[in-house]
Amino acid sequence: MTSVRERRTRVNGVELVVTEAGDPAAPPVICAHGFPESSYSWRYTLPALAEAGFHAIAPDQRGYGASSCPTVVDAYGIEQLAGDLIGLLDETGEEQAVFVGHDWGALIVWDLARLYPERVRAVVGVSVPFIDWPIAPTALFKAAYPNRFFYILYFQEVGPVEAELGRDPRRTMAKTLWGASGDAYRADADAEFPVDGTGFLDVVPDLPARLPPWLTDADIDHYAAQFTQSGFFGPVSYYRNLDANWRKVKEFPPSRVSMPSFFIAGDRDVVVARNPAGIEAMKALLPNLRGVVMIPGVGHWTQQEAPGAFNDALLGFLRTL
């Protein structure tokens with residue numbers, strides 16, 4: 001396997017820990033992780049990209065691990081998050097990169113492609129399809145979940161969720177990684193829980209007696225150590241900017257995402273299950289969507305649960321460029 005290296009860099013007013021692989025002079029592919037993850041989620045993808053001839057770059061995004069953790073909610077808006085990735089592109093000396101984003105990273109790279117299409121060679125969303133919100137996201141969620149717990153609405157208030165998730169970061173990460181996986185997938189994942197008295201971990205399935213092969217104690221320990229260092233304020237504050245991001249990006253039509261695009265997800269992903277019409281809507285919105293790959297039996301942690309199938313899908317798309 002190609003060696004992976006780590007460095008610190010200062011871009012866009014913050015310091016980021018960056019993991020990368022491949023020739024720095026090769027075409028860049030920038031990978032943005034989701035919640036609650038880090039660049040570690042790309043540990044199987046970076047070497048594969050490097051071996052295929054790309055310069056693979058994956059930061060621990062602001063608020064995560066040993067990267068800068070600003071202490072105000074506004075510091076986690078789309079201008080800042082996209083600006084960090086553009087800053088990493090600027091470091092390469094290239095005008096364009098392929099941007100790949102999983103979960104929250106997908107929301108970031110879809111919006112980045114709308115805001116800065118001239119900097120995007122191609123864009124790949126993983127787990128979260130392109131969304132053109134018709135109204136402010138939190139208003140949509142309130143209408144969809146009347147008098148029911150929904151984690152994104154719970155995340156809006158500063159304080160309670162940080163206390164809950166930070167009480168035992170290892171338990172938080174173990175339950176979250178298991179609970180959204182294909183192994184734990186349940187048709188009743190949106191069973192009703194009351195708003196009052198319900199926390200994020202209350203709606204997550206309990207851990208099994210034995211972890212699935214793709215998830216090890218070492219993986220959980222790695223993530224737990226990162227969140228013990230960073231806490232959860234920054235990662236959760238991404239969600240607190242959803243409405244502000246919508247107001248910023250809605251002025252730019254989806255047609256600006258005219259570069260080649262692609263989507264990869266597991267067919268047991270709870271995000272896809274919550275919005276079954278989302279993929280078809282994306283197909284109608286994106287003028288140059290080159291394909292959709294659904295990986296059988298895989299849940300939300302796409303590139304970690306099935307790295308071989310994920311890398312095959314991603315590299316297959318990149319070969320078309």
# chains A, B, ... in the order shown; residues from 1 in each chain; ligands from 1

call {"tool": "closest_atom_pairs", "arguments": {"of": "stretch 88-162 of chain A", "to": "stretch 198-203 of chain A", "cutoff": "10 Å", "atoms": "only C-alpha atoms", "output": "CSV"}}
result
residue,atom,partner,partner_atom,distance
A:Arg148,CA,A:Thr198,CA,9.6
A:Phe149,CA,A:Thr198,CA,6.9
A:Phe150,CA,A:Phe200,CA,8.5
A:Tyr151,CA,A:Phe200,CA,6.0
A:Ile152,CA,A:Phe200,CA,9.3
A:Tyr154,CA,A:Gly199,CA,7.7
A:Phe155,CA,A:Phe200,CA,8.7
A:Pro160,CA,A:Gly199,CA,8.5
A:Val161,CA,A:Gly199,CA,7.4

call {"tool": "residues_around", "arguments": {"residues": "A:Gly316", "least_positions_apart": "3", "cutoff": "12 Å", "atoms": "only C-alpha atoms", "output": "list in words"}}
result
Ala48, Leu49, Ala52, Val124, Phe262, Phe263, Ile264, Arg290, Gly291, Val292, Val293, Gly308, Ala309, Phe310, Asn311, Asp312, Ala313, Arg319, Thr320 and Leu321 of chain A

call {"tool": "write_last_selection", "arguments": {"atoms": "N, CA and C atoms", "output": "mmCIF file, in the first residue's frame"}}
result
data_model
loop_
_atom_site.group_PDB
_atom_site.id
_atom_site.type_symbol
_atom_site.label_atom_id
_atom_site.label_comp_id
_atom_site.auth_asym_id
_atom_site.auth_seq_id
_atom_site.Cartn_x
_atom_site.Cartn_y
_atom_site.Cartn_z
ATOM 1 N N ALA A 48 -5.586 4.182 -2.233
ATOM 2 C CA ALA A 48 -6.119 3.756 -3.531
ATOM 3 C C ALA A 48 -6.068 4.895 -4.544
ATOM 4 N N LEU A 49 -6.393 6.108 -4.101
ATOM 5 C CA LEU A 49 -6.313 7.257 -4.999
ATOM 6 C C LEU A 49 -4.867 7.514 -5.418
ATOM 7 N N ALA A 52 -3.666 5.188 -7.976
ATOM 8 C CA ALA A 52 -4.304 5.451 -9.269
ATOM 9 C C ALA A 52 -3.774 6.715 -9.933
ATOM 10 N N VAL A 124 -18.085 14.547 -6.105
ATOM 11 C CA VAL A 124 -18.660 13.251 -5.743
ATOM 12 C C VAL A 124 -19.310 13.379 -4.375
ATOM 13 N N PHE A 262 -21.130 12.718 -9.406
ATOM 14 C CA PHE A 262 -21.318 11.289 -9.173
ATOM 15 C C PHE A 262 -21.835 11.105 -7.757
ATOM 16 N N PHE A 263 -22.522 9.983 -7.517
ATOM 17 C CA PHE A 263 -23.063 9.722 -6.179
ATOM 18 C C PHE A 263 -22.852 8.262 -5.808
ATOM 19 N N ILE A 264 -22.430 8.037 -4.564
ATOM 20 C CA ILE A 264 -22.202 6.692 -4.050
ATOM 21 C C ILE A 264 -22.859 6.594 -2.674
ATOM 22 N N ARG A 290 -23.008 11.732 -13.732
ATOM 23 C CA ARG A 290 -22.503 10.624 -14.539
ATOM 24 C C ARG A 290 -22.968 9.255 -14.045
ATOM 25 N N GLY A 291 -23.533 9.195 -12.843
ATOM 26 C CA GLY A 291 -23.995 7.896 -12.364
ATOM 27 C C GLY A 291 -24.257 7.876 -10.877
ATOM 28 N N VAL A 292 -24.948 6.826 -10.453
ATOM 29 C CA VAL A 292 -25.256 6.562 -9.047
ATOM 30 C C VAL A 292 -24.900 5.113 -8.774
ATOM 31 N N VAL A 293 -24.125 4.877 -7.727
ATOM 32 C CA VAL A 293 -23.784 3.518 -7.309
ATOM 33 C C VAL A 293 -24.318 3.290 -5.909
ATOM 34 N N GLY A 308 -13.432 -1.680 -0.527
ATOM 35 C CA GLY A 308 -13.138 -2.175 -1.875
ATOM 36 C C GLY A 308 -14.185 -1.741 -2.880
ATOM 37 N N ALA A 309 -15.452 -1.953 -2.554
ATOM 38 C CA ALA A 309 -16.534 -1.565 -3.461
ATOM 39 C C ALA A 309 -16.583 -0.050 -3.628
ATOM 40 N N PHE A 310 -16.346 0.676 -2.538
ATOM 41 C CA PHE A 310 -16.356 2.136 -2.635
ATOM 42 C C PHE A 310 -15.236 2.616 -3.548
ATOM 43 N N ASN A 311 -14.025 2.125 -3.335
ATOM 44 C CA ASN A 311 -12.893 2.572 -4.162
ATOM 45 C C ASN A 311 -13.104 2.216 -5.626
ATOM 46 N N ASP A 312 -13.670 1.047 -5.889
ATOM 47 C CA ASP A 312 -13.946 0.666 -7.274
ATOM 48 C C ASP A 312 -14.912 1.660 -7.927
ATOM 49 N N ALA A 313 -15.963 2.050 -7.178
ATOM 50 C CA ALA A 313 -16.942 2.993 -7.725
ATOM 51 C C ALA A 313 -16.315 4.355 -7.965
ATOM 52 N N ARG A 319 -11.933 7.657 -13.739
ATOM 53 C CA ARG A 319 -11.357 7.260 -15.030
ATOM 54 C C ARG A 319 -12.132 7.849 -16.206
ATOM 55 N N THR A 320 -13.344 8.305 -15.982
ATOM 56 C CA THR A 320 -14.140 8.883 -17.080
ATOM 57 C C THR A 320 -13.808 10.349 -17.326
ATOM 58 N N LEU A 321 -13.049 10.967 -16.427
ATOM 59 C CA LEU A 321 -12.803 12.400 -16.534
ATOM 60 C C LEU A 321 -11.752 12.700 -17.604
#

call {"tool": "select_by_dssp", "arguments": {"residues": "stretch 127-293 of chain A", "states": "helix (DSSP H, G or I)", "output": "PyMOL selection string"}}
result
chain A and resi 137-144+151-154+160-166+169-179+200-203+217-230+233-237+239-249+254-256+270-274+278-285

call {"tool": "select_by_dssp", "arguments": {"residues": "stretch 99-212 of chain A", "states": "strand (DSSP E)", "output": "list in words"}}
result
Phe99, Val100, Gly101, His102, Val120, Arg121, Ala122, Val123, Val124, Gly125 and Val126 of chain A

call {"tool": "write_last_selection", "arguments": {"atoms": "N, CA and C atoms", "output": "mmCIF file, in the first residue's frame"}}
result
data_model
loop_
_atom_site.group_PDB
_atom_site.id
_atom_site.type_symbol
_atom_site.label_atom_id
_atom_site.label_comp_id
_atom_site.auth_asym_id
_atom_site.auth_seq_id
_atom_site.Cartn_x
_atom_site.Cartn_y
_atom_site.Cartn_z
ATOM 1 N N PHE A 99 -13.510 17.090 -5.805
ATOM 2 C CA PHE A 99 -13.910 17.140 -4.396
ATOM 3 C C PHE A 99 -14.849 15.973 -4.119
ATOM 4 N N VAL A 100 -14.518 15.225 -3.064
ATOM 5 C CA VAL A 100 -15.310 14.074 -2.651
ATOM 6 C C VAL A 100 -15.749 14.322 -1.211
ATOM 7 N N GLY A 101 -17.040 14.224 -0.941
ATOM 8 C CA GLY A 101 -17.512 14.482 0.414
ATOM 9 C C GLY A 101 -18.475 13.423 0.899
ATOM 10 N N HIS A 102 -18.284 12.987 2.141
ATOM 11 C CA HIS A 102 -19.187 12.014 2.764
ATOM 12 C C HIS A 102 -19.997 12.686 3.861
ATOM 13 N N VAL A 120 -13.752 23.483 -9.453
ATOM 14 C CA VAL A 120 -14.146 22.080 -9.266
ATOM 15 C C VAL A 120 -14.043 21.326 -10.589
ATOM 16 N N ARG A 121 -13.104 20.383 -10.645
ATOM 17 C CA ARG A 121 -12.973 19.531 -11.833
ATOM 18 C C ARG A 121 -14.136 18.549 -11.898
ATOM 19 N N ALA A 122 -14.502 18.001 -10.755
ATOM 20 C CA ALA A 122 -15.640 17.091 -10.640
ATOM 21 C C ALA A 122 -15.998 17.011 -9.162
ATOM 22 N N VAL A 123 -17.227 16.542 -8.879
ATOM 23 C CA VAL A 123 -17.684 16.481 -7.493
ATOM 24 C C VAL A 123 -18.384 15.146 -7.266
ATOM 25 N N VAL A 124 -18.085 14.547 -6.105
ATOM 26 C CA VAL A 124 -18.660 13.251 -5.743
ATOM 27 C C VAL A 124 -19.310 13.379 -4.375
ATOM 28 N N GLY A 125 -20.595 13.127 -4.296
ATOM 29 C CA GLY A 125 -21.298 13.075 -3.024
ATOM 30 C C GLY A 125 -21.412 11.637 -2.560
ATOM 31 N N VAL A 126 -21.187 11.429 -1.277
ATOM 32 C CA VAL A 126 -21.274 10.097 -0.690
ATOM 33 C C VAL A 126 -22.293 10.139 0.448
#

call {"tool": "residues_around", "arguments": {"residues": "stretch 134-147 of chain A", "least_positions_apart": "3", "cutoff": "12 Å", "atoms": "only C-alpha atoms", "output": "JSON, numbers by chain"}}
result
{"A": [131, 150, 151, 152, 153, 154, 155, 156, 190, 191, 192, 193, 194, 195, 196, 198, 239, 240, 241, 242, 243, 244, 245, 246, 247, 248, 249, 250, 274, 275]}

call {"tool": "closest_atom_pairs", "arguments": {"of": "stretch 48-151 of chain A", "to": "stretch 11-26 of chain A", "cutoff": "7 Å", "atoms": "only C-alpha atoms", "output": "Markdown table"}}
result
| residue | atom | partner | partner_atom | distance |
| --- | --- | --- | --- | --- |
| A:Ala50 | CA | A:Gly22 | CA | 4.2 |
| A:Gly53 | CA | A:Ala26 | CA | 6.5 |
| A:Phe54 | CA | A:Ala26 | CA | 5.2 |
| A:His55 | CA | A:Gly22 | CA | 4.7 |
| A:Ala56 | CA | A:Ala21 | CA | 5.2 |
| A:Ile57 | CA | A:Glu20 | CA | 4.4 |
| A:Ala58 | CA | A:Thr19 | CA | 5.2 |
| A:Pro59 | CA | A:Val18 | CA | 4.1 |
| A:Asp60 | CA | A:Val17 | CA | 5.5 |
| A:Gln61 | CA | A:Leu16 | CA | 6.5 |
| A:Arg62 | CA | A:Leu16 | CA | 6.7 |
| A:Ala66 | CA | A:Val17 | CA | 6.6 |
| A:Ser67 | CA | A:Leu16 | CA | 4.4 |
| A:Ser68 | CA | A:Glu15 | CA | 5.3 |
| A:Gly83 | CA | A:Asn12 | CA | 6.3 |
| A:Asp84 | CA | A:Asn12 | CA | 5.5 |
| A:Gly87 | CA | A:Val11 | CA | 5.3 |
| A:Leu88 | CA | A:Val11 | CA | 6.9 |

call {"tool": "atom_distance", "arguments": {"atom1": "atom CA of A:Gly299", "atom2": "atom CA of A:Asp103"}}
result
11.8 Å

call {"tool": "residues_around", "arguments": {"residues": "A:Tyr40", "least_positions_apart": "3", "cutoff": "10 Å", "atoms": "only C-alpha atoms", "output": "list of chain:residue names"}}
result
A:Thr19, A:His33, A:Glu37, A:Arg43, A:Tyr44, A:Thr45, A:Leu46, A:Ala58, A:Pro59, A:Asp60, A:Asp219, A:His222, A:Tyr223, A:Gln304

call {"tool": "write_last_selection", "arguments": {"atoms": "C-alpha atoms", "output": "PDB file, in the first residue's frame"}}
result
ATOM      1  CA  THR A  19      -3.558  13.391   5.852  1.00  0.00           C
ATOM      2  CA  HIS A  33     -15.331  13.754   6.024  1.00  0.00           C
ATOM      3  CA  GLU A  37     -15.660  11.327  11.831  1.00  0.00           C
ATOM      4  CA  ARG A  43      -7.837   5.608   5.538  1.00  0.00           C
ATOM      5  CA  TYR A  44      -8.639   3.045   2.817  1.00  0.00           C
ATOM      6  CA  THR A  45      -9.388   5.609   0.108  1.00  0.00           C
ATOM      7  CA  LEU A  46      -6.257   7.760   0.179  1.00  0.00           C
ATOM      8  CA  ALA A  58      -8.064  14.648   3.521  1.00  0.00           C
ATOM      9  CA  PRO A  59      -8.140  17.209   6.344  1.00  0.00           C
ATOM     10  CA  ASP A  60      -9.457  16.899   9.846  1.00  0.00           C
ATOM     11  CA  ASP A 219     -10.973   2.334  15.193  1.00  0.00           C
ATOM     12  CA  HIS A 222      -8.861   6.462  17.487  1.00  0.00           C
ATOM     13  CA  TYR A 223     -12.083   8.431  17.064  1.00  0.00           C
ATOM     14  CA  GLN A 304     -15.338   2.346   5.870  1.00  0.00           C
TER      15      GLN A 304
END

call {"tool": "atom_distance", "arguments": {"atom1": "atom CA of A:Trp301", "atom2": "atom CA of A:Gln226"}}
result
17.7 Å

call {"tool": "residues_around", "arguments": {"residues": "A:Leu286", "least_positions_apart": "6", "cutoff": "7 Å", "atoms": "only C-alpha atoms", "output": "PyMOL selection string"}}
result
chain A and resi 254-255+257-258

call {"tool": "closest_residue", "arguments": {"among": "A:Glu251, A:Glu305, A:Glu95, A:Asp111", "to": "A:Ala265", "atoms": "only C-alpha atoms"}}
result
A:Glu305

call {"tool": "atom_distance", "arguments": {"atom1": "atom CA of A:Phe232", "atom2": "atom CA of A:Cys69"}}
result
9.7 Å
